[in-house]
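One file, target-v9.cif, is given below (mmCIF, C-alpha atoms and all ligand atoms).
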```cif
data_input
loop_
_atom_site.group_PDB
_atom_site.id
_atom_site.type_symbol
_atom_site.label_atom_id
_atom_site.label_comp_id
_atom_site.auth_asym_id
_atom_site.auth_seq_id
_atom_site.Cartn_x
_atom_site.Cartn_y
_atom_site.Cartn_z
ATOM 1 C CA MET A 1 -17.864 -10.703 6.244
ATOM 2 C CA ALA A 2 -18.422 -14.441 5.872
ATOM 3 C CA LYS A 3 -16.847 -16.590 8.581
ATOM 4 C CA GLU A 4 -14.918 -18.604 6.018
ATOM 5 C CA GLN A 5 -13.353 -15.432 4.624
ATOM 6 C CA THR A 6 -12.344 -14.347 8.124
ATOM 7 C CA GLU A 7 -10.690 -17.658 8.896
ATOM 8 C CA HIS A 8 -8.853 -17.963 5.617
ATOM 9 C CA ASN A 9 -7.744 -14.396 5.130
ATOM 10 C CA MET A 10 -4.248 -14.887 6.531
ATOM 11 C CA ALA A 11 -3.624 -18.281 5.109
ATOM 12 C CA CYS A 12 -3.728 -20.453 2.030
ATOM 13 C CA MET A 13 -6.848 -19.280 0.172
ATOM 14 C CA VAL A 14 -7.573 -22.895 -0.798
ATOM 15 C CA CYS A 15 -7.275 -24.847 2.472
ATOM 16 C CA GLY A 16 -6.773 -22.221 5.200
ATOM 17 C CA THR A 17 -3.432 -23.588 6.382
ATOM 18 C CA GLN A 18 -0.958 -20.908 7.453
ATOM 19 C CA LEU A 19 1.369 -20.056 4.553
ATOM 20 C CA VAL A 20 5.115 -20.530 4.831
ATOM 21 C CA TYR A 21 7.233 -17.449 4.098
ATOM 22 C CA ASP A 22 10.485 -19.115 3.109
ATOM 23 C CA LYS A 23 13.875 -17.486 2.558
ATOM 24 C CA THR A 24 14.327 -18.771 -0.998
ATOM 25 C CA SER A 25 11.968 -19.267 -3.939
ATOM 26 C CA GLN A 26 10.765 -22.519 -5.385
ATOM 27 C CA GLU A 27 9.090 -23.133 -8.735
ATOM 28 C CA GLN A 28 5.349 -23.614 -8.173
ATOM 29 C CA GLU A 29 2.314 -24.130 -10.382
ATOM 30 C CA CYS A 30 -0.828 -22.063 -9.751
ATOM 31 C CA ILE A 31 -3.711 -24.423 -9.009
ATOM 32 C CA TYR A 32 -6.158 -22.036 -10.711
ATOM 33 C CA CYS A 33 -4.507 -20.893 -13.966
ATOM 34 C CA GLY A 34 -1.643 -23.405 -14.270
ATOM 35 C CA SER A 35 1.052 -20.766 -14.698
ATOM 36 C CA THR A 36 4.388 -21.540 -13.052
ATOM 37 C CA GLU A 37 6.190 -18.977 -10.963
ATOM 38 C CA ALA A 38 9.122 -18.983 -8.581
ATOM 39 C CA SER A 39 7.870 -17.799 -5.197
ATOM 40 C CA PRO A 40 9.209 -18.035 -1.637
ATOM 41 C CA ILE A 41 5.642 -18.156 -0.239
ATOM 42 C CA TYR A 42 3.876 -21.513 -0.222
ATOM 43 C CA CYS A 43 1.170 -23.652 1.356
ATOM 44 C CA PRO A 44 2.544 -26.742 3.161
ATOM 45 C CA ASP A 45 -0.240 -28.718 1.458
ATOM 46 C CA GLY A 46 0.984 -27.694 -1.986
ATOM 47 C CA HIS A 47 -1.663 -25.172 -3.029
ATOM 48 C CA PHE A 48 -0.002 -22.362 -4.929
ATOM 49 C CA VAL A 49 -2.071 -19.410 -6.071
ATOM 50 C CA CYS A 50 -0.246 -16.908 -8.296
ATOM 51 C CA ASP A 51 -0.434 -13.165 -7.526
ATOM 52 C CA SER A 52 -2.769 -12.608 -10.462
ATOM 53 C CA CYS A 53 -5.329 -15.227 -9.342
ATOM 54 C CA HIS A 54 -4.894 -14.133 -5.710
ATOM 55 C CA SER A 55 -5.756 -10.515 -6.503
ATOM 56 C CA LYS A 56 -8.000 -10.791 -9.560
ATOM 57 C CA ASP A 57 -11.320 -10.093 -7.815
ATOM 58 C CA ALA A 58 -9.885 -7.256 -5.733
ATOM 59 C CA ILE A 59 -8.279 -5.604 -8.761
ATOM 60 C CA ALA A 60 -11.594 -5.912 -10.640
ATOM 61 C CA PHE A 61 -13.276 -4.219 -7.682
ATOM 62 C CA LEU A 62 -10.753 -1.341 -7.757
ATOM 63 C CA GLU A 63 -11.277 -1.006 -11.525
ATOM 64 C CA LEU A 64 -15.003 -0.728 -10.902
ATOM 65 C CA LEU A 65 -14.403 1.988 -8.285
ATOM 66 C CA ALA A 66 -12.293 3.891 -10.833
ATOM 67 C CA GLU A 67 -15.397 4.149 -13.026
ATOM 68 C CA VAL A 68 -18.237 4.596 -10.546
ATOM 69 C CA ASP A 69 -17.032 5.700 -7.117
ATOM 70 C CA THR A 70 -17.986 9.223 -6.070
ATOM 71 C CA SER A 71 -15.761 9.585 -2.964
ATOM 72 C CA THR A 72 -13.848 12.812 -2.533
ATOM 73 C CA GLU A 73 -11.759 11.533 0.384
ATOM 74 C CA PRO A 74 -9.139 8.802 -0.173
ATOM 75 C CA ILE A 75 -9.857 7.276 3.243
ATOM 76 C CA ASP A 76 -13.425 6.481 2.115
ATOM 77 C CA VAL A 77 -12.099 4.549 -0.889
ATOM 78 C CA VAL A 78 -9.626 2.702 1.355
ATOM 79 C CA ASP A 79 -12.315 1.792 3.911
ATOM 80 C CA LYS A 80 -14.550 0.513 1.127
ATOM 81 C CA ALA A 81 -11.813 -1.707 -0.313
ATOM 82 C CA LEU A 82 -10.522 -3.047 3.008
ATOM 83 C CA THR A 83 -13.989 -4.227 3.992
ATOM 84 C CA HIS A 84 -14.818 -5.680 0.550
ATOM 85 C CA PRO A 85 -14.848 -9.517 0.482
ATOM 86 C CA SER A 86 -12.526 -9.593 -2.551
ATOM 87 C CA PHE A 87 -9.697 -8.095 -0.483
ATOM 88 C CA LYS A 88 -7.664 -10.773 1.318
ATOM 89 C CA PHE A 89 -6.220 -9.739 4.665
ATOM 90 C CA HIS A 90 -2.742 -9.535 3.154
ATOM 91 C CA GLY A 91 -1.966 -9.532 -0.526
ATOM 92 C CA PRO A 92 -0.590 -7.594 -3.473
ATOM 93 C CA GLU A 93 -3.994 -6.027 -4.205
ATOM 94 C CA HIS A 94 -3.056 -3.549 -1.456
ATOM 95 C CA HIS A 95 -0.249 -2.279 -3.726
ATOM 96 C CA SER A 96 -2.858 -0.734 -6.042
ATOM 97 C CA LEU A 97 -5.045 0.705 -3.330
ATOM 98 C CA VAL A 98 -3.182 3.923 -2.434
ATOM 99 C CA PRO A 99 -3.023 5.187 -6.050
ATOM 100 C CA THR A 100 -6.674 4.183 -6.531
ATOM 101 C CA ALA A 101 -7.785 6.119 -3.439
ATOM 102 C CA ILE A 102 -5.702 9.256 -4.099
ATOM 103 C CA LEU A 103 -6.497 9.487 -7.812
ATOM 104 C CA ILE A 104 -10.256 8.824 -7.392
ATOM 105 C CA ALA A 105 -10.482 11.610 -4.779
ATOM 106 C CA MET A 106 -8.582 14.030 -7.046
ATOM 107 C CA LYS A 107 -10.680 13.041 -10.067
ATOM 108 C CA ASN A 108 -13.926 13.570 -8.156
ATOM 109 C CA ARG A 109 -12.753 16.939 -6.806
ATOM 110 C CA GLY A 110 -11.870 18.069 -10.337
ATOM 111 C CA ILE A 111 -8.212 18.593 -9.403
ATOM 112 C CA PRO A 112 -6.184 18.377 -12.640
ATOM 113 C CA LYS A 113 -2.702 16.901 -12.956
ATOM 114 C CA THR A 114 0.168 19.410 -12.887
ATOM 115 C CA ASP A 115 0.023 19.563 -16.712
ATOM 116 C CA GLY A 116 -3.537 20.910 -16.423
ATOM 117 C CA VAL A 117 -5.177 17.754 -17.815
ATOM 118 C CA GLN A 118 -8.119 16.370 -15.827
ATOM 119 C CA ILE A 119 -7.727 13.057 -14.022
ATOM 120 C CA THR A 120 -9.911 10.474 -15.795
ATOM 121 C CA PRO A 121 -10.823 6.887 -14.865
ATOM 122 C CA GLU A 122 -8.022 5.835 -17.278
ATOM 123 C CA VAL A 123 -5.458 7.574 -15.061
ATOM 124 C CA VAL A 124 -6.814 5.671 -12.056
ATOM 125 C CA LEU A 125 -6.626 2.412 -14.048
ATOM 126 C CA GLU A 126 -2.990 3.168 -14.858
ATOM 127 C CA GLY A 127 -2.350 3.602 -11.115
ATOM 128 C CA ILE A 128 -3.975 0.223 -10.453
ATOM 129 C CA ARG A 129 -1.847 -1.389 -13.182
ATOM 130 C CA ARG A 130 1.408 0.034 -11.860
ATOM 131 C CA GLY A 131 0.616 -1.012 -8.290
ATOM 132 C CA SER A 132 -0.337 -4.528 -9.329
ATOM 133 C CA LYS A 133 3.126 -5.082 -10.853
ATOM 134 C CA ILE A 134 4.659 -5.193 -7.370
ATOM 135 C CA PRO A 135 4.710 -8.822 -6.160
ATOM 136 C CA GLY A 136 3.255 -10.036 -2.872
ATOM 137 C CA GLY A 137 5.709 -10.216 0.026
ATOM 138 C CA PHE A 138 7.984 -7.542 -1.500
ATOM 139 C CA CYS A 139 8.201 -5.711 1.844
ATOM 140 C CA GLY A 140 10.161 -8.559 3.348
ATOM 141 C CA TYR A 141 11.894 -9.821 0.228
ATOM 142 C CA ALA A 142 13.016 -6.618 -1.523
ATOM 143 C CA GLY A 143 13.515 -3.920 1.095
ATOM 144 C CA THR A 144 10.582 -1.827 -0.045
ATOM 145 C CA CYS A 145 6.855 -2.091 0.572
ATOM 146 C CA GLY A 146 4.291 -2.310 -2.219
ATOM 147 C CA ALA A 147 1.712 -0.182 -0.429
ATOM 148 C CA CYS A 148 4.396 2.454 0.264
ATOM 149 C CA VAL A 149 5.424 2.399 -3.399
ATOM 150 C CA GLY A 150 1.716 3.032 -4.051
ATOM 151 C CA SER A 151 2.310 6.501 -2.623
ATOM 152 C CA GLY A 152 5.000 7.064 -5.251
ATOM 153 C CA VAL A 153 2.718 5.702 -7.995
ATOM 154 C CA ALA A 154 -0.066 8.127 -7.055
ATOM 155 C CA VAL A 155 2.251 11.141 -6.987
ATOM 156 C CA ALA A 156 4.123 10.057 -10.160
ATOM 157 C CA LEU A 157 0.852 10.012 -12.086
ATOM 158 C CA TYR A 158 -0.246 13.377 -10.683
ATOM 159 C CA ILE A 159 3.005 15.109 -11.681
ATOM 160 C CA GLY A 160 3.684 13.098 -14.859
ATOM 161 C CA SER A 161 6.970 11.644 -13.655
ATOM 162 C CA THR A 162 8.978 9.467 -16.066
ATOM 163 C CA PRO A 163 12.436 7.880 -15.744
ATOM 164 C CA ARG A 164 13.772 10.864 -17.744
ATOM 165 C CA SER A 165 12.142 13.710 -15.767
ATOM 166 C CA GLY A 166 14.588 14.517 -12.992
ATOM 167 C CA ALA A 167 12.554 16.987 -10.923
ATOM 168 C CA GLU A 168 9.299 15.010 -11.067
ATOM 169 C CA ARG A 169 11.039 11.727 -10.390
ATOM 170 C CA LYS A 170 12.544 13.254 -7.258
ATOM 171 C CA ILE A 171 9.067 14.157 -5.946
ATOM 172 C CA ALA A 172 7.723 10.660 -6.680
ATOM 173 C CA HIS A 173 10.721 9.199 -4.850
ATOM 174 C CA ALA A 174 10.015 11.523 -1.921
ATOM 175 C CA ALA A 175 6.472 10.128 -1.672
ATOM 176 C CA THR A 176 7.725 6.540 -1.466
ATOM 177 C CA THR A 177 10.609 7.525 0.841
ATOM 178 C CA ASP A 178 8.245 9.301 3.260
ATOM 179 C CA ALA A 179 6.021 6.206 3.346
ATOM 180 C CA MET A 180 9.034 3.953 3.888
ATOM 181 C CA HIS A 181 10.169 6.129 6.802
ATOM 182 C CA LEU A 182 6.800 5.448 8.431
ATOM 183 C CA SER A 183 7.220 1.755 7.590
ATOM 184 C CA MET A 184 10.549 1.509 9.471
ATOM 185 C CA ASP A 185 8.641 0.377 12.548
ATOM 186 C CA GLY A 186 10.362 -2.961 13.095
ATOM 187 C CA LEU A 187 7.067 -4.852 13.017
ATOM 188 C CA ARG A 188 5.779 -7.832 11.036
ATOM 189 C CA ARG A 189 4.014 -6.881 7.845
ATOM 190 C CA CYS A 190 0.418 -5.729 7.882
ATOM 191 C CA CYS A 191 -1.081 -4.687 4.562
ATOM 192 C CA LYS A 192 -3.671 -2.504 6.338
ATOM 193 C CA ARG A 193 -1.001 -0.574 8.280
ATOM 194 C CA ALA A 194 1.141 -0.308 5.117
ATOM 195 C CA THR A 195 -1.816 1.119 3.183
ATOM 196 C CA TYR A 196 -2.308 3.734 5.918
ATOM 197 C CA TYR A 197 1.395 4.640 5.758
ATOM 198 C CA GLY A 198 1.282 4.996 1.957
ATOM 199 C CA LEU A 199 -1.891 7.063 2.080
ATOM 200 C CA THR A 200 -0.573 9.316 4.851
ATOM 201 C CA ALA A 201 2.705 9.963 3.024
ATOM 202 C CA ALA A 202 1.032 10.772 -0.306
ATOM 203 C CA MET A 203 -1.579 13.057 1.289
ATOM 204 C CA ASN A 204 0.997 14.918 3.390
ATOM 205 C CA LEU A 205 3.243 15.434 0.377
ATOM 206 C CA LEU A 206 0.385 16.698 -1.798
ATOM 207 C CA LYS A 207 -0.544 19.150 0.956
ATOM 208 C CA LYS A 208 3.002 20.356 1.581
ATOM 209 C CA GLU A 209 4.227 20.587 -2.010
ATOM 210 C CA PHE A 210 1.032 21.369 -3.938
ATOM 211 C CA ASP A 211 -1.367 22.802 -1.337
ATOM 212 C CA ILE A 212 -3.859 20.004 -2.069
ATOM 213 C CA ASP A 213 -5.903 18.927 0.949
ATOM 214 C CA LEU A 214 -7.718 15.636 0.317
ATOM 215 C CA GLY A 215 -9.278 15.410 3.791
ATOM 216 C CA ALA A 216 -8.614 13.154 6.748
ATOM 217 C CA ILE A 217 -5.486 10.994 6.885
ATOM 218 C CA PRO A 218 -5.820 7.533 8.492
ATOM 219 C CA GLU A 219 -6.484 8.047 12.166
ATOM 220 C CA VAL A 220 -4.018 6.736 14.761
ATOM 221 C CA GLY A 221 -5.603 4.160 17.112
ATOM 222 C CA ALA A 222 -8.586 3.507 14.858
ATOM 223 C CA CYS A 223 -7.799 0.131 13.234
ATOM 224 C CA LYS A 224 -10.871 -2.085 12.880
ATOM 225 C CA TYR A 225 -9.014 -5.145 11.623
ATOM 226 C CA SER A 226 -6.777 -6.317 14.516
ATOM 227 C CA GLU A 227 -8.916 -9.315 15.407
ATOM 228 C CA ARG A 228 -8.630 -10.717 11.884
ATOM 229 C CA ASN A 229 -4.834 -10.424 11.819
ATOM 230 C CA ARG A 230 -2.957 -13.400 13.259
ATOM 231 C CA ASP A 231 0.238 -11.342 13.022
ATOM 232 C CA CYS A 232 -1.229 -8.183 14.609
ATOM 233 C CA GLU A 233 1.404 -6.323 16.644
ATOM 234 C CA HIS A 234 -1.261 -4.872 18.950
ATOM 235 C CA GLU A 235 0.070 -2.020 21.164
ATOM 236 C CA ASP A 236 3.241 -1.726 19.075
ATOM 237 C CA CYS A 237 1.218 -0.586 16.045
ATOM 238 C CA ILE A 238 0.130 3.078 16.024
ATOM 239 C CA TYR A 239 -3.226 2.170 14.490
ATOM 240 C CA PHE A 240 -4.155 -0.420 17.145
ATOM 241 C CA GLN A 241 -7.289 0.460 19.125
ATOM 242 C CA LYS A 242 -6.182 0.117 22.744
ATOM 243 C CA GLU A 243 -9.688 0.136 24.164
ATOM 244 C CA SER A 244 -10.741 -2.790 21.939
ATOM 245 C CA THR A 245 -9.714 -5.416 24.484
ATOM 246 C CA LYS A 246 -10.935 -8.839 23.448
HETATM 247 ZN ZN ZN A 301 -3.426 -24.939 1.051
HETATM 248 ZN ZN ZN A 302 -2.953 -18.239 -11.298
#
```

Rewrite the structure of this file - the entire thing - as structure tokens.
Amino acid sequence: MAKEQTEHNMACMVCGTQLVYDKTSQEQECIYCGSTEASPIYCPDGHFVCDSCHSKDAIAFLELLAEVDTSTEPIDVVDKALTHPSFKFHGPEHHSLVPTAILIAMKNRGIPKTDGVQITPEVVLEGIRRGSKIPGGFCGYAGTCGACVGSGVAVALYIGSTPRSGAERKIAHAATTDAMHLSMDGLRRCCKRATYYGLTAAMNLLKKEFDIDLGAIPEVGACKYSERNRDCEHEDCIYFQKESTK
């Protein structure tokens, strides 16, 4: 990882200044595409980057994985994405990662959806699209977490849930609810931890309800990213590596 990327990954992607997470939104113009958006997150030096420009490269990377990746374990897809330079340390690209990882592993294992239809790259792309609709900062601003909703997105696509399918919708809600239970940790947001929660919830639900074992869930105490996270909660986070004393 380039040094510049490491230094800027928590901050304004233009100047590296720490972003302000305000309580109310203000109208801001994206310095890259010129679109205006109301957002409570801003750079004190006035650089606003919209969610789309912030995540574009990472989403393109996930779309590429949907076509070419041969992983059969979701954790391998997650590891690949979290170490890819297009992924910022925090950002809404993480909201697409859980469905990408789950659906790629199912596709590559030849596990069909509950309607018997095979999972294709198009299904994975739909998961990426749904995840990318959840704005950055939603965990603090809306009482739900985008990466946890990613668990619901993955399961909803597997079982073909729609707003009008009561039973399926309930299972998709259970996936998000299970992830949110894990997320009730009282800590500052971490998009890596949230991704692990979403992945764990989706994989446990698929195992319990559908007897689908997709391999290893994210390992407790194995986080490799603490040093890059200015907001890392260290020992309070279950994924923190205690022996990695700096
Ligand atoms: Zn800036
Ligand atoms: Zn933009």

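With all atoms listed in the file as the atoms that count, the minimum distance from Met184 in chain A to the choices A:Gly143, A:Lys207, A:Gly16, A:Ser165 is reached by A:Gly143.
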
Taking only C-alpha atoms and all ligand atoms into account, which residues have an atom no farther than 8 Å from ligand ZN 302 (chain A)? I'd like them as a short mmCIF file (atom, residue, chain, number, x, y, z; two decimals) with C-alpha atoms, in the frame of the given file.
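Written output follows (result01.cif):
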```
data_model
loop_
_atom_site.label_atom_id
_atom_site.label_comp_id
_atom_site.auth_asym_id
_atom_site.auth_seq_id
_atom_site.Cartn_x
_atom_site.Cartn_y
_atom_site.Cartn_z
CA GLU A 29 2.31 -24.13 -10.38
CA CYS A 30 -0.83 -22.06 -9.75
CA ILE A 31 -3.71 -24.42 -9.01
CA TYR A 32 -6.16 -22.04 -10.71
CA CYS A 33 -4.51 -20.89 -13.97
CA GLY A 34 -1.64 -23.40 -14.27
CA SER A 35 1.05 -20.77 -14.70
CA VAL A 49 -2.07 -19.41 -6.07
CA CYS A 50 -0.25 -16.91 -8.30
CA ASP A 51 -0.43 -13.16 -7.53
CA SER A 52 -2.77 -12.61 -10.46
CA CYS A 53 -5.33 -15.23 -9.34
CA HIS A 54 -4.89 -14.13 -5.71
#
```

Using only C-alpha atoms and all ligand atoms, tabulate the residues of chain A lying at most 7 Å from any atom of ligand ZN 301 (chain A), each with its closest atom pair and that distance in Å to one decimal, by chain and increasing residue number, as CSV.
```
residue,atom,partner,partner_atom,distance
A:Cys12,CA,A:ZN301,ZN,4.6
A:Met13,CA,A:ZN301,ZN,6.7
A:Val14,CA,A:ZN301,ZN,5.0
A:Cys15,CA,A:ZN301,ZN,4.1
A:Gly16,CA,A:ZN301,ZN,6.0
A:Thr17,CA,A:ZN301,ZN,5.5
A:Cys43,CA,A:ZN301,ZN,4.8
A:Pro44,CA,A:ZN301,ZN,6.6
A:Asp45,CA,A:ZN301,ZN,5.0
A:Gly46,CA,A:ZN301,ZN,6.0
A:His47,CA,A:ZN301,ZN,4.5
```

Padding 5 Å on every side, please: axis-aligned box over the listed atoms of range 151-154 of chain A, centre and edge lengths to one decimal in Å, as lines of an AutoDock Vina configuration file.
```
center_x = 2.5
center_y = 6.9
center_z = -5.3
size_x = 15.1
size_y = 12.4
size_z = 15.4
```

Need the shell around Asp236 in chain A: protein/DNA/RNA residues with any atom at most 10 Å away, counting all atoms listed in the file. Skip same-chain ones fewer than 6 positions apart. Format as JSON, numbers by chain?
{"A": [185, 186, 187]}

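For the choices A:Ile119, A:Ile41, A:Cys139, A:Leu97, the atom-to-atom distance to Leu62 in chain A is smallest for A:Leu97 when using all atoms listed in the file.
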
For the file shown, what are the residues hit by the PyMOL selection byres (((chain A and resi 132-138) around 9) and not hetatm), laid out as a PyMOL selection string?
chain A and resi 21+40-41+51-52+55+59+90-96+127-131+139-146+149+189

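Distance check against Asp213 in chain A using all atoms listed in the file: of A:Glu37, A:Glu73, A:Asp231, A:Glu63, the minimum falls on A:Glu73.
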